[in-house]
file protein.txt (compact mmCIF, C-alpha atoms)
# COMPACT_ATOMS: atom_id res chain seq x y z
CA MET A 1 35.08 12.87 -6.35
CA SER A 2 36.45 13.55 -2.86
CA PHE A 3 34.06 14.58 -0.09
CA GLN A 4 35.78 17.95 0.23
CA LYS A 5 35.47 18.66 -3.50
CA GLU A 6 31.81 17.64 -3.49
CA LYS A 7 31.24 19.91 -0.49
CA ASN A 8 32.88 22.90 -2.19
CA GLU A 9 30.88 22.41 -5.37
CA PHE A 10 27.60 21.93 -3.51
CA LEU A 11 27.97 24.99 -1.32
CA CYS A 12 28.67 27.17 -4.40
CA LYS A 13 25.51 26.05 -6.22
CA LYS A 14 22.41 28.18 -6.52
CA ASP A 15 19.75 27.67 -3.83
CA LYS A 16 17.01 25.57 -5.46
CA SER A 17 14.35 25.93 -2.75
CA LYS A 18 10.99 27.63 -3.40
CA LYS A 19 12.18 30.44 -1.17
CA GLY A 20 15.56 30.71 -2.88
CA SER A 21 17.53 31.40 0.32
CA ILE A 22 18.31 29.91 3.74
CA ASP A 23 15.81 30.81 6.48
CA ILE A 24 17.41 33.37 8.75
CA LYS A 25 16.35 31.41 11.87
CA ILE A 26 18.44 28.38 10.85
CA LYS A 27 21.38 30.12 9.16
CA ASN A 28 23.67 30.05 12.22
CA LEU A 29 23.10 26.33 12.67
CA VAL A 30 23.71 25.62 8.97
CA ASP A 31 26.92 27.71 8.97
CA LYS A 32 28.13 25.92 12.09
CA ILE A 33 27.53 22.48 10.55
CA ASN A 34 29.29 23.55 7.34
CA SER A 35 32.31 24.74 9.37
CA PHE A 36 33.15 21.06 10.09
CA ASP A 37 35.21 19.20 7.49
CA ASP A 38 33.08 16.05 7.66
CA PHE A 39 29.68 17.65 7.07
CA PHE A 40 27.82 19.84 4.63
CA THR A 41 24.14 20.75 4.58
CA THR A 42 22.16 20.03 1.42
CA SER A 43 18.84 21.62 2.48
CA SER A 44 17.18 23.15 5.52
CA CYS A 45 13.97 24.73 6.79
CA SER A 46 13.46 26.53 10.10
CA GLY A 47 9.85 25.35 10.34
CA ARG A 48 6.84 26.80 8.56
CA ILE A 49 3.11 27.36 8.49
CA LEU A 50 1.32 26.28 5.32
CA LEU A 51 -2.06 26.27 3.66
CA ILE A 52 -2.11 23.57 1.02
CA ALA A 53 -4.71 22.34 -1.47
CA GLN A 54 -4.12 18.65 -1.82
CA HIS A 55 -4.00 16.84 -5.14
CA LYS A 56 -6.45 13.93 -5.45
CA SER A 57 -3.51 11.52 -5.40
CA GLY A 58 -2.35 12.93 -2.07
CA ARG A 59 1.06 13.48 -3.68
CA LYS A 60 2.95 16.27 -1.97
CA ASP A 61 4.71 17.41 -5.13
CA LYS A 62 1.36 17.96 -6.84
CA ALA A 63 -0.20 19.98 -4.01
CA GLU A 64 -1.11 23.63 -4.60
CA TRP A 65 0.48 26.05 -2.11
CA LEU A 66 -1.99 28.72 -1.05
CA PHE A 67 0.02 30.28 1.77
CA SER A 68 3.42 29.74 3.35
CA SER A 69 5.25 31.51 6.17
CA HIS A 70 8.48 30.91 8.08
CA ASN A 71 7.38 33.49 10.63
CA LYS A 72 4.54 33.63 13.10
CA ILE A 73 1.31 34.70 11.48
CA ASN A 74 -2.09 36.09 12.43
CA PHE A 75 -5.53 35.59 10.96
CA LYS A 76 -5.44 38.97 9.20
CA LYS A 77 -2.32 37.98 7.31
CA ILE A 78 -3.74 34.72 6.02
CA LYS A 79 -7.04 36.41 5.17
CA SER A 80 -5.34 39.26 3.32
CA LYS A 81 -3.82 36.74 0.91
CA LYS A 82 -7.38 36.08 -0.28
CA SER A 83 -6.57 32.38 -0.01
CA LEU A 84 -9.60 31.84 2.23
CA GLU A 85 -12.10 33.64 0.02
CA LYS A 86 -11.63 31.52 -3.05
CA LEU A 87 -10.77 28.11 -1.71
CA PRO A 88 -10.02 25.60 -4.47
CA LYS A 89 -12.46 22.70 -4.82
CA LYS A 90 -10.01 20.37 -3.13
CA ASP A 91 -9.12 19.26 0.37
CA VAL A 92 -7.33 22.20 1.97
CA TRP A 93 -5.04 21.55 4.94
CA PHE A 94 -3.60 23.98 7.46
CA LYS A 95 -0.19 22.72 8.55
CA MET A 96 2.71 23.52 10.78
CA GLU A 97 5.92 21.69 9.91
CA PRO A 98 9.00 21.48 12.18
CA ALA A 99 12.62 22.43 11.53
CA ILE A 100 14.49 20.09 9.19
CA VAL A 101 18.11 19.85 8.02
CA HIS A 102 19.70 17.44 5.55
CA ILE A 103 23.39 16.87 6.08
CA ALA A 104 25.89 15.01 3.89
CA CYS A 105 28.35 13.22 6.20
CA LYS A 106 31.78 11.83 5.32
CA ASN A 107 31.65 8.84 7.65
CA PHE A 108 29.42 6.83 9.98
CA GLU A 109 31.27 7.79 13.13
CA ASN A 110 30.60 11.51 12.94
CA ALA A 111 27.13 11.03 11.45
CA SER A 112 26.26 8.86 14.43
CA LYS A 113 27.59 11.41 16.93
CA LEU A 114 25.59 14.25 15.38
CA LEU A 115 22.52 12.03 15.15
CA ASN A 116 22.65 11.16 18.86
CA LEU A 117 23.22 14.76 19.85
CA ALA A 118 20.29 15.98 17.74
CA ARG A 119 17.89 13.27 18.94
CA ASN A 120 18.70 14.06 22.58
CA ILE A 121 18.00 17.75 22.02
CA GLY A 122 14.58 16.95 20.62
CA PHE A 123 15.08 16.33 16.91
CA ARG A 124 13.34 13.01 17.53
CA ARG A 125 12.41 12.31 13.91
CA SER A 126 16.02 12.06 12.82
CA GLY A 127 18.00 9.35 11.08
CA ILE A 128 20.44 8.39 8.36
CA ILE A 129 18.22 8.26 5.29
CA SER A 130 20.64 7.19 2.60
CA ILE A 131 24.01 5.51 2.38
CA GLY A 132 26.10 6.28 -0.69
CA LYS A 133 29.60 5.28 -1.72
CA ASN A 134 31.28 8.47 -0.55
CA ARG A 135 28.74 9.93 1.83
CA LEU A 136 25.70 9.39 4.03
CA ILE A 137 22.72 11.68 4.25
CA LEU A 138 21.54 12.49 7.76
CA GLU A 139 18.08 14.00 8.16
CA LEU A 140 17.37 15.96 11.35
CA ILE A 141 13.69 16.68 12.00
CA SER A 142 12.10 18.12 15.12
CA THR A 143 8.71 17.00 16.44
CA GLU A 144 6.43 20.06 16.32
CA LYS A 145 3.49 19.56 13.98
CA LEU A 146 -0.11 20.44 13.27
CA ASP A 147 -2.23 19.01 10.44
CA ALA A 148 -5.87 20.00 10.25
CA ILE A 149 -8.20 19.91 7.28
CA ILE A 150 -9.91 23.29 6.96
CA GLY A 151 -11.51 23.24 3.51
CA LYS A 152 -13.45 20.86 1.28
CA ASN A 153 -15.14 21.39 -2.12
CA GLY A 154 -14.40 25.09 -1.99
CA LYS A 155 -15.96 25.55 1.45
CA LEU A 156 -14.30 26.55 4.69
CA LEU A 157 -14.96 23.88 7.36
CA VAL A 158 -13.96 25.89 10.43
CA ASN A 159 -15.10 29.18 11.91
CA GLU A 160 -12.85 32.18 12.52
CA SER A 161 -12.42 31.55 16.23
CA TYR A 162 -11.21 27.96 15.70
CA PHE A 163 -8.95 29.09 12.85
CA LYS A 164 -7.37 31.61 15.21
CA ILE A 165 -6.70 28.83 17.74
CA LEU A 166 -5.00 26.74 15.04
CA ILE A 167 -2.86 29.76 14.17
CA ARG A 168 -1.98 30.41 17.83
CA GLU A 169 -0.97 26.78 18.34
CA SER A 170 1.13 26.84 15.16
CA ASN A 171 2.89 30.01 16.30
CA LYS A 172 3.72 28.36 19.64
CA LYS A 173 5.09 25.33 17.82
CA LEU A 174 7.22 27.54 15.56
CA GLU A 175 8.78 29.08 18.68
CA LYS A 176 9.48 25.63 20.09
CA THR A 177 11.13 24.48 16.89
CA TRP A 178 13.29 27.66 16.83
CA GLU A 179 14.38 26.97 20.43
CA LYS A 180 15.53 23.52 19.38
CA ILE A 181 17.49 24.96 16.44
CA ASN A 182 19.26 27.30 18.86
CA ARG A 183 19.95 24.52 21.36
CA LEU A 184 21.47 22.34 18.65
CA HIS A 185 23.58 25.25 17.41
CA LYS A 186 24.89 25.93 20.91
CA SER A 187 25.69 22.29 21.57
CA LEU A 188 27.84 21.83 18.44
CA MET B 1 26.32 -11.46 22.57
CA SER B 2 25.85 -12.58 18.97
CA PHE B 3 23.15 -10.95 16.86
CA GLN B 4 21.34 -14.28 16.55
CA LYS B 5 21.34 -14.84 20.31
CA GLU B 6 20.11 -11.32 20.95
CA LYS B 7 17.36 -11.87 18.37
CA ASN B 8 16.23 -15.13 20.01
CA GLU B 9 16.13 -13.56 23.45
CA PHE B 10 14.31 -10.45 22.27
CA LEU B 11 11.63 -12.32 20.37
CA CYS B 12 10.89 -14.49 23.45
CA LYS B 13 10.37 -11.47 25.73
CA LYS B 14 6.97 -10.29 26.87
CA ASP B 15 5.34 -7.56 24.75
CA LYS B 16 5.81 -4.31 26.67
CA SER B 17 3.49 -2.11 24.60
CA LYS B 18 0.38 -0.48 26.08
CA LYS B 19 -1.66 -2.85 23.98
CA GLY B 20 0.36 -5.91 24.98
CA SER B 21 0.28 -7.56 21.55
CA ILE B 22 1.21 -6.96 17.91
CA ASP B 23 -1.47 -5.22 15.84
CA ILE B 24 -3.07 -7.76 13.55
CA LYS B 25 -2.73 -5.42 10.55
CA ILE B 26 1.07 -5.42 10.81
CA LYS B 27 1.68 -8.99 12.03
CA ASN B 28 2.40 -10.46 8.58
CA LEU B 29 4.98 -7.77 7.87
CA VAL B 30 6.63 -8.22 11.29
CA ASP B 31 6.76 -12.02 10.85
CA LYS B 32 8.25 -11.63 7.39
CA ILE B 33 10.98 -9.28 8.65
CA ASN B 34 11.76 -11.66 11.52
CA SER B 35 12.11 -14.55 9.06
CA PHE B 36 15.38 -13.00 7.80
CA ASP B 37 18.57 -13.81 9.74
CA ASP B 38 19.85 -10.24 9.66
CA PHE B 39 16.77 -8.52 11.09
CA PHE B 40 14.46 -8.58 14.08
CA THR B 41 11.67 -6.16 14.97
CA THR B 42 11.77 -4.48 18.38
CA SER B 43 8.41 -2.63 18.17
CA SER B 44 5.65 -1.88 15.72
CA CYS B 45 2.31 -0.11 15.29
CA SER B 46 -0.08 -0.41 12.35
CA GLY B 47 -1.22 3.20 12.75
CA ARG B 48 -3.72 4.59 15.22
CA ILE B 49 -6.25 7.25 16.10
CA LEU B 50 -5.74 8.98 19.44
CA LEU B 51 -7.30 11.52 21.74
CA ILE B 52 -4.62 12.86 24.04
CA ALA B 53 -4.59 15.42 26.86
CA GLN B 54 -1.23 17.07 26.70
CA HIS B 55 0.97 17.69 29.71
CA LYS B 56 2.00 21.34 30.22
CA SER B 57 5.57 20.39 29.32
CA GLY B 58 4.40 18.98 25.99
CA ARG B 59 6.21 15.76 26.92
CA LYS B 60 4.69 12.79 25.13
CA ASP B 61 5.42 10.36 27.97
CA LYS B 62 3.43 12.54 30.39
CA ALA B 63 0.35 12.91 28.18
CA GLU B 64 -2.96 11.44 29.31
CA TRP B 65 -4.52 9.01 26.83
CA LEU B 66 -8.26 9.54 26.56
CA PHE B 67 -8.96 7.30 23.58
CA SER B 68 -6.94 5.06 21.30
CA SER B 69 -7.89 2.85 18.36
CA HIS B 70 -5.99 0.80 15.79
CA ASN B 71 -9.19 0.41 13.80
CA LYS B 72 -11.39 2.86 11.98
CA ILE B 73 -13.76 4.68 14.32
CA ASN B 74 -16.95 6.68 14.22
CA PHE B 75 -18.21 9.59 16.29
CA LYS B 76 -20.51 7.35 18.35
CA LYS B 77 -17.58 5.24 19.45
CA ILE B 78 -15.52 8.15 20.65
CA LYS B 79 -18.54 9.72 22.33
CA SER B 80 -19.51 6.49 24.08
CA LYS B 81 -16.14 6.48 25.85
CA LYS B 82 -17.38 9.61 27.66
CA SER B 83 -14.00 11.15 26.85
CA LEU B 84 -15.70 14.14 25.25
CA GLU B 85 -18.11 14.86 28.09
CA LYS B 86 -15.52 15.41 30.76
CA LEU B 87 -12.57 16.87 28.92
CA PRO B 88 -9.59 17.46 31.21
CA LYS B 89 -8.54 21.09 31.73
CA LYS B 90 -5.64 20.66 29.36
CA ASP B 91 -4.96 20.97 25.65
CA VAL B 92 -6.65 17.95 24.05
CA TRP B 93 -5.44 16.82 20.61
CA PHE B 94 -7.08 14.48 18.13
CA LYS B 95 -4.39 12.64 16.23
CA MET B 96 -3.86 10.05 13.56
CA GLU B 97 -0.41 8.45 13.56
CA PRO B 98 1.05 6.35 10.71
CA ALA B 99 2.45 2.81 10.71
CA ILE B 100 5.83 2.45 12.37
CA VAL B 101 8.30 -0.43 12.75
CA HIS B 102 11.63 -0.55 14.59
CA ILE B 103 14.06 -3.12 13.25
CA ALA B 104 17.39 -4.25 14.68
CA CYS B 105 19.75 -4.95 11.75
CA LYS B 106 22.97 -6.94 11.78
CA ASN B 107 24.81 -4.82 9.20
CA PHE B 108 24.68 -1.62 7.17
CA GLU B 109 24.34 -3.33 3.84
CA ASN B 110 21.02 -5.02 4.55
CA ALA B 111 19.75 -2.12 6.67
CA SER B 112 20.41 0.17 3.71
CA LYS B 113 18.59 -2.15 1.27
CA LEU B 114 15.52 -2.38 3.50
CA LEU B 115 15.60 1.39 4.10
CA ASN B 116 15.63 2.17 0.37
CA LEU B 117 12.86 -0.31 -0.32
CA ALA B 118 10.66 1.11 2.43
CA ARG B 119 11.23 4.74 1.48
CA ASN B 120 10.34 4.01 -2.15
CA ILE B 121 7.10 2.34 -1.08
CA GLY B 122 6.09 5.42 0.90
CA PHE B 123 7.63 5.00 4.34
CA ARG B 124 9.18 8.41 3.73
CA ARG B 125 9.95 9.20 7.38
CA SER B 126 12.41 6.33 7.70
CA GLY B 127 16.04 6.16 8.71
CA ILE B 128 18.75 4.48 10.76
CA ILE B 129 18.22 6.02 14.18
CA SER B 130 20.99 4.41 16.20
CA ILE B 131 24.28 2.68 15.54
CA GLY B 132 25.46 0.23 18.19
CA LYS B 133 28.44 -2.08 18.37
CA ASN B 134 26.57 -5.18 17.23
CA ARG B 135 23.50 -3.76 15.57
CA LEU B 136 21.77 -0.78 14.01
CA ILE B 137 18.22 0.29 14.63
CA LEU B 138 16.19 1.12 11.55
CA GLU B 139 12.95 3.05 12.01
CA LEU B 140 10.34 2.81 9.25
CA ILE B 141 7.56 5.40 9.44
CA SER B 142 4.88 6.15 6.88
CA THR B 143 3.61 9.66 6.15
CA GLU B 144 -0.11 9.69 7.05
CA LYS B 145 -0.88 12.10 9.87
CA LEU B 146 -3.47 14.38 11.37
CA ASP B 147 -2.94 16.62 14.42
CA ALA B 148 -5.73 18.95 15.44
CA ILE B 149 -6.36 20.56 18.81
CA ILE B 150 -9.98 19.92 19.81
CA GLY B 151 -10.13 20.86 23.49
CA LYS B 152 -8.86 23.60 25.81
CA ASN B 153 -9.55 24.28 29.50
CA GLY B 154 -12.14 21.52 29.62
CA LYS B 155 -14.07 22.88 26.64
CA LEU B 156 -14.60 21.29 23.24
CA LEU B 157 -13.38 23.67 20.50
CA VAL B 158 -15.04 21.99 17.52
CA ASN B 159 -18.62 21.12 16.65
CA GLU B 160 -19.90 17.64 15.92
CA SER B 161 -19.89 18.04 12.15
CA TYR B 162 -16.23 19.12 12.06
CA PHE B 163 -15.29 16.35 14.48
CA LYS B 164 -16.89 13.85 12.12
CA ILE B 165 -14.80 15.21 9.24
CA LEU B 166 -11.62 14.79 11.31
CA ILE B 167 -12.68 11.20 12.04
CA ARG B 168 -13.44 10.49 8.36
CA GLU B 169 -10.06 11.87 7.28
CA SER B 170 -8.29 9.81 9.96
CA ASN B 171 -10.06 6.66 8.82
CA LYS B 172 -8.97 7.31 5.23
CA LYS B 173 -5.39 7.81 6.41
CA LEU B 174 -5.51 4.56 8.41
CA GLU B 175 -6.48 2.73 5.22
CA LYS B 176 -3.62 4.36 3.33
CA THR B 177 -1.12 3.37 6.01
CA TRP B 178 -2.46 -0.25 5.95
CA GLU B 179 -2.01 -0.34 2.15
CA LYS B 180 1.61 0.66 2.59
CA ILE B 181 2.16 -2.07 5.20
CA ASN B 182 0.79 -4.62 2.72
CA ARG B 183 2.90 -3.26 -0.12
CA LEU B 184 6.05 -3.48 1.99
CA HIS B 185 5.16 -7.03 3.06
CA LYS B 186 4.64 -8.12 -0.53
CA SER B 187 7.88 -6.56 -1.73
CA LEU B 188 10.08 -8.31 0.84

call {"tool": "encode", "arguments": {"input": "protein.txt", "output": "structure tokens"}}
result
Amino acid sequence: MSFQKEKNEFLCKKDKSKKGSIDIKIKNLVDKINSFDDFFTTSSCSGRILLIAQHKSGRKDKAEWLFSSHNKINFKKIKSKKSLEKLPKKDVWFKMEPAIVHIACKNFENASKLLNLARNIGFRRSGIISIGKNRLILELISTEKLDAIIGKNGKLLVNESYFKILIRESNKKLEKTWEKINRLHKSL
Amino acid sequence: MSFQKEKNEFLCKKDKSKKGSIDIKIKNLVDKINSFDDFFTTSSCSGRILLIAQHKSGRKDKAEWLFSSHNKINFKKIKSKKSLEKLPKKDVWFKMEPAIVHIACKNFENASKLLNLARNIGFRRSGIISIGKNRLILELISTEKLDAIIGKNGKLLVNESYFKILIRESNKKLEKTWEKINRLHKSL
């Protein structure tokens, strides 16, 4: 199948993400990338704040999602979800994850150009992650992150004031990751 | 310059890392990779536990390193460094970082094979990060991580019992990252 045909088919498919739609904060960037003949995006996230109960195996696909937000949050919001009252008897982690975009690329030349551009802007965890017959997959990931364990055996390990600091730091990191998305969009 | 010549010159150069030598836990893997004609490693880390005072800019190269260990640690050890008594008036983060290896590769074919192998073993943050005339650079990174702010304005934000939990989790993650190094070594 030609790259163009694959692109058309992919972009018509239903969004298979948990959220079911593209994050508004990254939509302009995604649209811009898709406006080029040699690229199409296969997934994206504008960065998020998560509360996750880990599976014993540590496997990400088996983790239980207690809370998730693509926007800045406050303690009230996370408390109102009742996720803190009845913590599962597992390791519970509070996380902030950076912006990420997966891009199918027609050739090495343009993949390499976009990769260099993105890395220089601050998407420092980026690379070509798979090489297929007709296309490469480029993964762009920014660097903002926070990973703190906050629950164990059903008990909260941190007090409210420390939890609020974790939330404040995560909100700051979300803003940083959004700035990088905008800078990449402008530079394309 | 031929790939082979570049490889010979690089492997004779002085180690420019902070530590000045290859971590013992990753040496077998590095030696194995360097035994293949089409690869040579340019840097590596077997995973580490860090205490870092962040620069206002957030720039990693301007951060102040208060503590660093490639081995498992305990609270006594980190306390004995006096790093906790006189915290700088900056944001201080406790971090665990996973194993990482940078590999110069002669061609796409073998880079792609090694990339797939490593990703399947659990080096899920891996990719080709630069494409030069004579070589590619492949970055293999595992997934273990912990990033928690523990100090602000010279004050410790967490109590001893929570700090010990962070240390215990980091130690567990170091072991996981070492297992992955061994698995990759065995599969090559």

call {"tool": "interface_residues", "arguments": {"input": "protein.txt", "of": "chain B", "to": "chain A", "cutoff": "8 Å", "atoms": "all atoms listed in the file", "output": "list in words"}}
result
Ser112, Leu115, Asn116, Arg125, Ser126, Gly127, Ile128, Ile129, Ser130, Ile131, Lys145, Leu146, Asp147, Ala148, Ile149, Leu157, Val158, Tyr162 and Leu166 of chain B

call {"tool": "atom_distance", "arguments": {"input": "protein.txt", "atom1": "atom CA of Leu156 of chain A", "atom2": "atom CA of Pro98 of chain B"}}
result
26.1 Å

call {"tool": "atom_distance", "arguments": {"input": "protein.txt", "atom1": "atom CA of Ser35 of chain B", "atom2": "atom CA of Ile100 of chain B"}}
result
18.4 Å

call {"tool": "atom_distance", "arguments": {"input": "protein.txt", "atom1": "atom CA of Asn171 of chain A", "atom2": "atom CA of Lys32 of chain A"}}
result
25.9 Å

call {"tool": "residues_near_point", "arguments": {"input": "protein.txt", "point": "(8.3, -7.2, 12.8)", "cutoff": "8 Å", "atoms": "only C-alpha atoms", "output": "PyMOL selection string"}}
result
chain B and resi 26-34+40-44+101-103

call {"tool": "residues_around", "arguments": {"input": "protein.txt", "residues": "Asn107 of chain B", "least_positions_apart": "4", "cutoff": "8 Å", "atoms": "all atoms listed in the file", "output": "list in words"}}
result
Asp38, Ala111, Arg135 and Leu136 of chain B

call {"tool": "write_last_selection", "arguments": {"input": "protein.txt", "atoms": "C-alpha atoms", "output": "JSON list (two decimals), in the coordinates of the input"}}
result
[["chain", "number", "residue", "atom", "x", "y", "z"],
["B", 38, "ASP", "CA", 19.85, -10.24, 9.66],
["B", 111, "ALA", "CA", 19.75, -2.12, 6.67],
["B", 135, "ARG", "CA", 23.50, -3.76, 15.57],
["B", 136, "LEU", "CA", 21.77, -0.78, 14.01]]

call {"tool": "closest_residue", "arguments": {"input": "protein.txt", "among": "A:Gln4, A:Ser83, A:Ser21, A:Thr177", "to": "Ser142 of chain A", "atoms": "all atoms listed in the file"}}
result
A:Thr177

call {"tool": "residues_around", "arguments": {"input": "protein.txt", "residues": "Lys155 of chain A", "least_positions_apart": "6", "cutoff": "9 Å", "atoms": "all atoms listed in the file", "output": "PyMOL selection string"}}
result
chain A and resi 84+86-89

call {"tool": "residues_around", "arguments": {"input": "protein.txt", "residues": "Ile121 of chain B", "least_positions_apart": "5", "cutoff": "12 Å", "atoms": "only C-alpha atoms", "output": "ChimeraX atom specification"}}
result
/B:114-116,126,140-143,176-177,179-188

call {"tool": "closest_residue", "arguments": {"input": "protein.txt", "among": "A:Asn134, A:Asn71, A:Ser2, A:Asn120", "to": "Ile24 of chain A", "atoms": "only C-alpha atoms"}}
result
A:Asn71

call {"tool": "closest_residue", "arguments": {"input": "protein.txt", "among": "A:Asn74, A:Leu66, A:Arg59, A:Cys105", "to": "Phe36 of chain A", "atoms": "all atoms listed in the file"}}
result
A:Cys105

call {"tool": "axis_aligned_box", "arguments": {"input": "protein.txt", "around": "segment 83-86 of chain A", "padding_each_side": "6 Å", "output": "lines of an AutoDock Vina configuration file"}}
result
center_x = -9.3
center_y = 32.6
center_z = -0.4
size_x = 17.5
size_y = 14.1
size_z = 17.3

call {"tool": "decode", "arguments": {"input": "protein.txt", "residues": "segment 73-93 of chain A", "atoms": "N, CA and C atoms", "output": "CSV table (one decimal), in the first residue's frame"}}
result
chain,number,residue,atom,x,y,z
A,73,ILE,N,-4.5,20.6,37.7
A,73,ILE,CA,-5.5,20.1,38.7
A,73,ILE,C,-5.3,20.8,40.1
A,74,ASN,N,-6.2,20.6,41.0
A,74,ASN,CA,-5.9,21.0,42.4
A,74,ASN,C,-6.3,19.9,43.3
A,75,PHE,N,-5.9,20.0,44.6
A,75,PHE,CA,-6.1,18.9,45.5
A,75,PHE,C,-7.6,18.5,45.6
A,76,LYS,N,-8.4,19.6,45.6
A,76,LYS,CA,-9.9,19.3,45.7
A,76,LYS,C,-10.4,18.4,44.7
A,77,LYS,N,-9.9,18.6,43.5
A,77,LYS,CA,-10.4,17.9,42.3
A,77,LYS,C,-10.0,16.4,42.5
A,78,ILE,N,-8.8,16.1,42.9
A,78,ILE,CA,-8.3,14.7,43.0
A,78,ILE,C,-9.0,14.1,44.2
A,79,LYS,N,-9.3,14.9,45.2
A,79,LYS,CA,-10.0,14.4,46.4
A,79,LYS,C,-11.5,14.1,46.1
A,80,SER,N,-12.1,14.9,45.3
A,80,SER,CA,-13.5,14.8,45.0
A,80,SER,C,-13.8,13.5,44.2
A,81,LYS,N,-12.7,12.9,43.6
A,81,LYS,CA,-12.9,11.7,42.8
A,81,LYS,C,-13.0,10.5,43.7
A,82,LYS,N,-12.8,10.7,45.0
A,82,LYS,CA,-12.8,9.7,46.0
A,82,LYS,C,-11.7,8.7,45.9
A,83,SER,N,-10.8,9.0,44.9
A,83,SER,CA,-9.7,8.0,44.7
A,83,SER,C,-8.8,7.9,45.9
A,84,LEU,N,-8.7,9.0,46.7
A,84,LEU,CA,-7.8,9.0,47.8
A,84,LEU,C,-8.4,8.3,49.1
A,85,GLU,N,-9.7,8.3,49.1
A,85,GLU,CA,-10.4,7.7,50.3
A,85,GLU,C,-10.3,6.2,50.4
A,86,LYS,N,-10.5,5.6,49.2
A,86,LYS,CA,-10.4,4.1,49.1
A,86,LYS,C,-9.3,3.7,48.3
A,87,LEU,N,-8.1,3.9,48.7
A,87,LEU,CA,-6.9,3.5,47.9
A,87,LEU,C,-6.9,2.0,47.8
A,88,PRO,N,-6.6,1.4,46.6
A,88,PRO,CA,-6.5,0.0,46.4
A,88,PRO,C,-5.3,-0.5,47.2
A,89,LYS,N,-5.3,-1.8,47.6
A,89,LYS,CA,-4.2,-2.4,48.3
A,89,LYS,C,-3.0,-2.7,47.4
A,90,LYS,N,-2.5,-1.7,46.7
A,90,LYS,CA,-1.5,-1.8,45.8
A,90,LYS,C,-0.5,-0.6,45.9
A,91,ASP,N,0.6,-0.6,45.2
A,91,ASP,CA,1.4,0.6,45.1
A,91,ASP,C,0.7,1.6,44.2
A,92,VAL,N,0.5,2.8,44.8
A,92,VAL,CA,-0.2,3.8,44.0
A,92,VAL,C,0.8,5.0,43.7
A,93,TRP,N,0.9,5.3,42.5
A,93,TRP,CA,1.9,6.3,42.1
A,93,TRP,C,1.2,7.6,41.5
